[in-house]
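Structure file coords_7.cif (mmCIF, C-alpha atoms) follows.
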data_entry
loop_
_atom_site.group_PDB
_atom_site.id
_atom_site.type_symbol
_atom_site.label_atom_id
_atom_site.label_comp_id
_atom_site.auth_asym_id
_atom_site.auth_seq_id
_atom_site.Cartn_x
_atom_site.Cartn_y
_atom_site.Cartn_z
ATOM 1 C CA ASN C 1 -9.093 -15.939 -17.219
ATOM 2 C CA LEU C 2 -12.284 -16.531 -15.248
ATOM 3 C CA HIS C 3 -12.703 -15.219 -11.719
ATOM 4 C CA ASN C 4 -14.942 -15.967 -8.799
ATOM 5 C CA LEU C 5 -17.979 -13.818 -8.069
ATOM 6 C CA VAL C 6 -18.788 -12.391 -4.634
ATOM 7 C CA LEU C 7 -22.355 -11.329 -3.857
ATOM 8 C CA LEU C 8 -23.212 -8.941 -1.011
ATOM 9 C CA MET C 9 -26.786 -8.911 0.272
ATOM 10 C CA TYR C 10 -29.062 -7.909 3.119
ATOM 11 C CA THR C 11 -31.192 -10.710 4.564
ATOM 12 C CA TRP C 12 -33.534 -11.603 7.395
ATOM 13 C CA LEU C 13 -32.879 -14.840 9.268
ATOM 14 C CA PRO C 14 -35.459 -16.504 11.534
ATOM 15 C CA ASP C 15 -35.271 -15.181 15.124
ATOM 16 C CA SER C 16 -33.000 -12.317 14.046
ATOM 17 C CA THR C 17 -33.023 -8.808 12.660
ATOM 18 C CA GLY C 18 -31.514 -7.824 9.308
ATOM 19 C CA ASP C 19 -28.055 -9.269 8.666
ATOM 20 C CA ILE C 20 -25.303 -9.124 6.073
ATOM 21 C CA MET C 21 -25.010 -12.116 3.741
ATOM 22 C CA VAL C 22 -21.966 -12.839 1.549
ATOM 23 C CA ILE C 23 -21.905 -15.592 -1.081
ATOM 24 C CA LYS C 24 -18.838 -16.614 -3.066
ATOM 25 C CA LEU C 25 -19.446 -18.362 -6.407
ATOM 26 C CA ASP C 26 -17.016 -20.052 -8.776
ATOM 27 C CA PRO C 27 -16.866 -19.001 -12.470
ATOM 28 C CA SER C 28 -19.585 -21.566 -13.309
ATOM 29 C CA GLY C 29 -21.964 -20.114 -10.714
ATOM 30 C CA ASN C 30 -21.536 -22.881 -8.127
ATOM 31 C CA MET C 31 -21.529 -21.743 -4.503
ATOM 32 C CA ILE C 32 -18.113 -22.006 -2.824
ATOM 33 C CA TRP C 33 -19.320 -20.637 0.506
ATOM 34 C CA GLN C 34 -22.040 -18.551 2.142
ATOM 35 C CA ARG C 35 -21.573 -16.480 5.300
ATOM 36 C CA PHE C 36 -23.685 -14.222 7.502
ATOM 37 C CA TYR C 37 -22.727 -11.329 9.761
ATOM 38 C CA ASP C 38 -24.906 -10.543 12.768
ATOM 39 C CA GLY C 39 -23.299 -7.974 15.076
ATOM 40 C CA PRO C 40 -22.859 -8.529 18.811
ATOM 41 C CA LEU C 41 -26.053 -6.601 19.678
ATOM 42 C CA HIS C 42 -28.125 -8.632 17.148
ATOM 43 C CA THR C 43 -29.581 -5.445 15.663
ATOM 44 C CA ASP C 44 -29.887 -4.508 11.984
ATOM 45 C CA ASP C 45 -26.570 -4.795 10.133
ATOM 46 C CA VAL C 46 -26.927 -3.311 6.641
ATOM 47 C CA PRO C 47 -24.272 -3.675 3.907
ATOM 48 C CA ILE C 48 -23.464 -0.568 1.851
ATOM 49 C CA ASP C 49 -20.365 -1.413 -0.214
ATOM 50 C CA MET C 50 -17.557 -3.970 -0.505
ATOM 51 C CA VAL C 51 -14.110 -4.331 -1.997
ATOM 52 C CA VAL C 52 -11.860 -7.329 -2.604
ATOM 53 C CA ASP C 53 -8.233 -6.485 -1.800
ATOM 54 C CA ARG C 54 -5.171 -7.818 -3.625
ATOM 55 C CA PHE C 55 -5.011 -10.745 -1.158
ATOM 56 C CA ASN C 56 -8.633 -11.678 -1.967
ATOM 57 C CA ASN C 57 -9.912 -10.554 1.438
ATOM 58 C CA ILE C 58 -13.453 -9.225 1.255
ATOM 59 C CA TRP C 59 -13.986 -5.945 3.121
ATOM 60 C CA ILE C 60 -17.556 -4.787 3.744
ATOM 61 C CA CYS C 61 -18.709 -1.421 5.030
ATOM 62 C CA GLY C 62 -22.203 -0.869 6.281
ATOM 63 C CA THR C 63 -24.199 0.296 9.247
ATOM 64 C CA SER C 64 -25.139 -1.345 12.522
ATOM 65 C CA ILE C 65 -27.781 -0.119 14.954
ATOM 66 C CA THR C 66 -26.302 0.652 18.382
ATOM 67 C CA LYS C 67 -27.854 0.251 21.833
ATOM 68 C CA ASN C 68 -28.934 3.939 21.586
ATOM 69 C CA GLY C 69 -30.904 3.277 18.386
ATOM 70 C CA ASP C 70 -28.570 5.239 16.099
ATOM 71 C CA THR C 71 -26.336 3.768 13.389
ATOM 72 C CA ASP C 72 -22.565 3.498 13.476
ATOM 73 C CA ILE C 73 -20.223 2.710 10.599
ATOM 74 C CA LEU C 74 -19.454 -1.006 10.410
ATOM 75 C CA LEU C 75 -16.380 -2.692 8.905
ATOM 76 C CA VAL C 76 -16.351 -6.491 8.452
ATOM 77 C CA LYS C 77 -13.650 -8.662 6.866
ATOM 78 C CA PHE C 78 -13.943 -12.140 5.348
ATOM 79 C CA SER C 79 -10.898 -14.046 4.112
ATOM 80 C CA ASP C 80 -10.797 -15.674 0.695
ATOM 81 C CA GLU C 81 -11.829 -18.919 2.425
ATOM 82 C CA GLY C 82 -14.796 -17.248 4.157
ATOM 83 C CA VAL C 83 -13.266 -16.895 7.619
ATOM 84 C CA GLN C 84 -14.761 -13.850 9.308
ATOM 85 C CA GLY C 85 -12.613 -11.285 11.073
ATOM 86 C CA ALA C 86 -13.978 -9.179 13.894
ATOM 87 C CA GLY C 87 -16.548 -6.525 13.029
ATOM 88 C CA GLU C 88 -15.489 -2.981 13.958
ATOM 89 C CA LEU C 89 -17.888 -0.129 14.727
ATOM 90 C CA PHE C 90 -17.129 3.591 14.503
ATOM 91 C CA GLY C 91 -19.297 6.460 15.645
ATOM 92 C CA LEU C 92 -18.451 9.776 17.311
ATOM 93 C CA HIS C 93 -21.659 10.836 19.049
ATOM 94 C CA ASP C 94 -24.236 8.716 20.867
ATOM 95 C CA SER C 95 -27.773 8.970 19.487
ATOM 96 C CA LEU C 96 -26.555 10.403 16.138
ATOM 97 C CA SER C 97 -26.374 8.253 13.007
ATOM 98 C CA ASP C 98 -23.199 7.847 10.958
ATOM 99 C CA VAL C 99 -23.183 6.353 7.444
ATOM 100 C CA PRO C 100 -20.534 4.974 5.086
ATOM 101 C CA VAL C 101 -20.939 5.306 1.328
ATOM 102 C CA SER C 102 -17.842 3.708 -0.156
ATOM 103 C CA ILE C 103 -14.914 1.425 0.657
ATOM 104 C CA ALA C 104 -11.580 0.880 -1.099
ATOM 105 C CA ALA C 105 -8.404 -1.040 -0.286
ATOM 106 C CA ASP C 106 -4.875 0.181 -0.916
ATOM 107 C CA ARG C 107 -2.072 -1.984 -2.336
ATOM 108 C CA THR C 108 -1.167 -3.209 1.167
ATOM 109 C CA GLY C 109 -4.702 -4.527 1.714
ATOM 110 C CA CYS C 110 -5.681 -1.819 4.202
ATOM 111 C CA PRO C 111 -9.303 -0.666 3.867
ATOM 112 C CA VAL C 112 -10.430 2.965 3.693
ATOM 113 C CA ILE C 113 -14.037 4.094 4.161
ATOM 114 C CA SER C 114 -15.675 7.362 3.128
ATOM 115 C CA GLY C 115 -18.984 8.573 4.462
ATOM 116 C CA ALA C 116 -20.601 11.053 6.801
ATOM 117 C CA LEU C 117 -20.494 11.457 10.571
ATOM 118 C CA ALA C 118 -23.352 13.200 12.343
ATOM 119 C CA SER C 119 -22.396 16.216 14.431
ATOM 120 C CA PRO C 120 -24.658 17.907 16.980
ATOM 121 C CA GLU C 121 -23.252 21.296 15.888
ATOM 122 C CA TYR C 122 -22.861 21.000 12.110
ATOM 123 C CA GLY C 123 -25.155 18.271 10.757
ATOM 124 C CA MET C 124 -23.409 15.705 8.561
ATOM 125 C CA GLU C 125 -19.629 15.973 8.221
ATOM 126 C CA HIS C 126 -17.637 14.424 5.375
ATOM 127 C CA ALA C 127 -15.387 11.679 6.818
ATOM 128 C CA VAL C 128 -12.576 9.330 5.763
ATOM 129 C CA LEU C 129 -11.589 6.374 7.983
ATOM 130 C CA ARG C 130 -8.357 4.398 7.438
ATOM 131 C CA TYR C 131 -7.854 0.948 8.939
ATOM 132 C CA ASN C 132 -4.927 -1.470 9.170
ATOM 133 C CA ILE C 133 -4.859 -4.945 7.604
ATOM 134 C CA ASP C 134 -6.470 -6.391 10.761
ATOM 135 C CA GLY C 135 -9.415 -3.983 10.518
ATOM 136 C CA LYS C 136 -8.363 -1.724 13.413
ATOM 137 C CA LEU C 137 -8.870 2.012 12.985
ATOM 138 C CA LEU C 138 -5.604 3.873 12.300
ATOM 139 C CA TRP C 139 -7.062 7.356 11.872
ATOM 140 C CA TYR C 140 -10.030 9.336 10.669
ATOM 141 C CA ARG C 141 -10.383 12.804 9.168
ATOM 142 C CA VAL C 142 -13.439 15.041 9.039
ATOM 143 C CA ILE C 143 -14.194 17.920 6.672
ATOM 144 C CA SER C 144 -16.884 20.225 7.965
ATOM 145 C CA THR C 145 -18.304 23.498 6.706
ATOM 146 C CA ARG C 146 -20.899 23.864 9.494
ATOM 147 C CA GLN C 147 -23.517 22.546 7.071
ATOM 148 C CA ASP C 148 -24.156 19.094 5.588
ATOM 149 C CA ASP C 149 -21.096 17.624 3.830
ATOM 150 C CA PHE C 150 -21.004 14.188 2.198
ATOM 151 C CA ALA C 151 -18.507 11.845 0.562
ATOM 152 C CA ASN C 152 -19.706 9.974 -2.530
ATOM 153 C CA ASP C 153 -16.827 7.675 -3.472
ATOM 154 C CA LEU C 154 -13.134 7.066 -2.904
ATOM 155 C CA GLN C 155 -10.159 5.254 -4.437
ATOM 156 C CA ALA C 156 -6.659 4.387 -3.250
ATOM 157 C CA ASP C 157 -3.739 4.422 -5.699
ATOM 158 C CA ASP C 158 -0.601 2.239 -5.822
ATOM 159 C CA SER C 159 1.228 4.704 -3.551
ATOM 160 C CA CYS C 160 -1.547 4.364 -0.906
ATOM 161 C CA ASN C 161 -2.822 7.902 -1.564
ATOM 162 C CA ILE C 162 -6.556 8.303 -1.019
ATOM 163 C CA TYR C 163 -8.800 10.271 -3.400
ATOM 164 C CA VAL C 164 -12.309 11.201 -2.274
ATOM 165 C CA VAL C 165 -15.156 12.848 -4.167
ATOM 166 C CA GLY C 166 -18.170 14.383 -2.518
ATOM 167 C CA SER C 167 -19.941 17.596 -1.790
ATOM 168 C CA ILE C 168 -19.355 20.306 0.769
ATOM 169 C CA SER C 169 -21.495 23.305 1.535
ATOM 170 C CA ASN C 170 -20.131 26.826 1.598
#

Just give me the structure as structure tokens.
Amino acid sequence: NLHNLVLLMYTWLPDSTGDIMVIKLDPSGNMIWQRFYDGPLHTDDVPIDMVVDRFNNIWICGTSITKNGDTDILLVKFSDEGVQGAGELFGLHDSLSDVPVSIAADRTGCPVISGALASPEYGMEHAVLRYNIDGKLLWYRVISTRQDDFANDLQADDSCNIYVVGSISN
């Protein structure tokens, strides 16, 4: 059984900054569609990771530069047909950069992102962000040891439990 291929890239378009590019190919390598994401501020949008959920939606996590010059965590959704959902940004502190490292989707199609949030008191804090099927933030959790803590990867099981690996300082 042959499947389609989805490519995630970073590109520069004329009269723009860096943008996210997604290309969907059929099993023979023919392009089905190509899409670009340029955030509302038209700043650098950098892809980090993607996952295809059980409904063939493509979820992308990355970073987007804010009006303060820092980076926030970005979540973008494309449907199987290439229709883009709204991009969502998450950051806790202005002028501090937040970064995602991994994205997964549970059996209901809801995306989960792991990464690090910058804290003025503690450096980088390990973070997990859970979204609903429409890409709206449901909750986030932070693990902090008052030193730099990072997530490396995550998975969601069939019961919608989330498993995260990373490093914490103690």

(message) I'd like the neighbourhood of segment 83-89 of chain C as a PyMOL selection string, where a residue qualifies if any of its atoms comes within 9 Å (using all atoms listed in the file), though same-chain residues fewer than 2 positions away should be ignored.
(response) chain C and resi 35+37+39-40+63-64+72-81+91+134-137

Write out as a PDB file with C-alpha atoms, in the frame of the given file each polymer residue whose atoms come within 8 Å of Leu5 of chain C, counting only C-alpha atoms; drop sequence neighbours fewer than 5 positions from it.
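For reference, around.pdb as written:
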ATOM      1  CA  LYS C  24     -18.838 -16.614  -3.066  1.00  0.00           C
ATOM      2  CA  LEU C  25     -19.446 -18.362  -6.407  1.00  0.00           C
ATOM      3  CA  ASP C  26     -17.016 -20.052  -8.776  1.00  0.00           C
ATOM      4  CA  PRO C  27     -16.866 -19.001 -12.470  1.00  0.00           C
ATOM      5  CA  GLY C  29     -21.964 -20.114 -10.714  1.00  0.00           C
TER       6      GLY C  29
END

(message) Neighbouring residues of Ser167 of chain C were defined as those with any atom within 9 Å, considering only C-alpha atoms; residues of the same chain fewer than 3 positions away were excluded. Please report them as a PyMOL selection string.
(response) chain C and resi 126+148-152

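Atom CA of Ser102 of chain C sits 21.0 Å away from atom CA of Gln147 of chain C.
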
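Take atom CA of Ile113 of chain C and atom CA of Leu2 of chain C: the distance between them is 28.4 Å.
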
(message) Rounded to one decimal, what separation in Å do you get between atom CA of Val142 of chain C and atom CA of Val112 of chain C?
(response) 13.5 Å
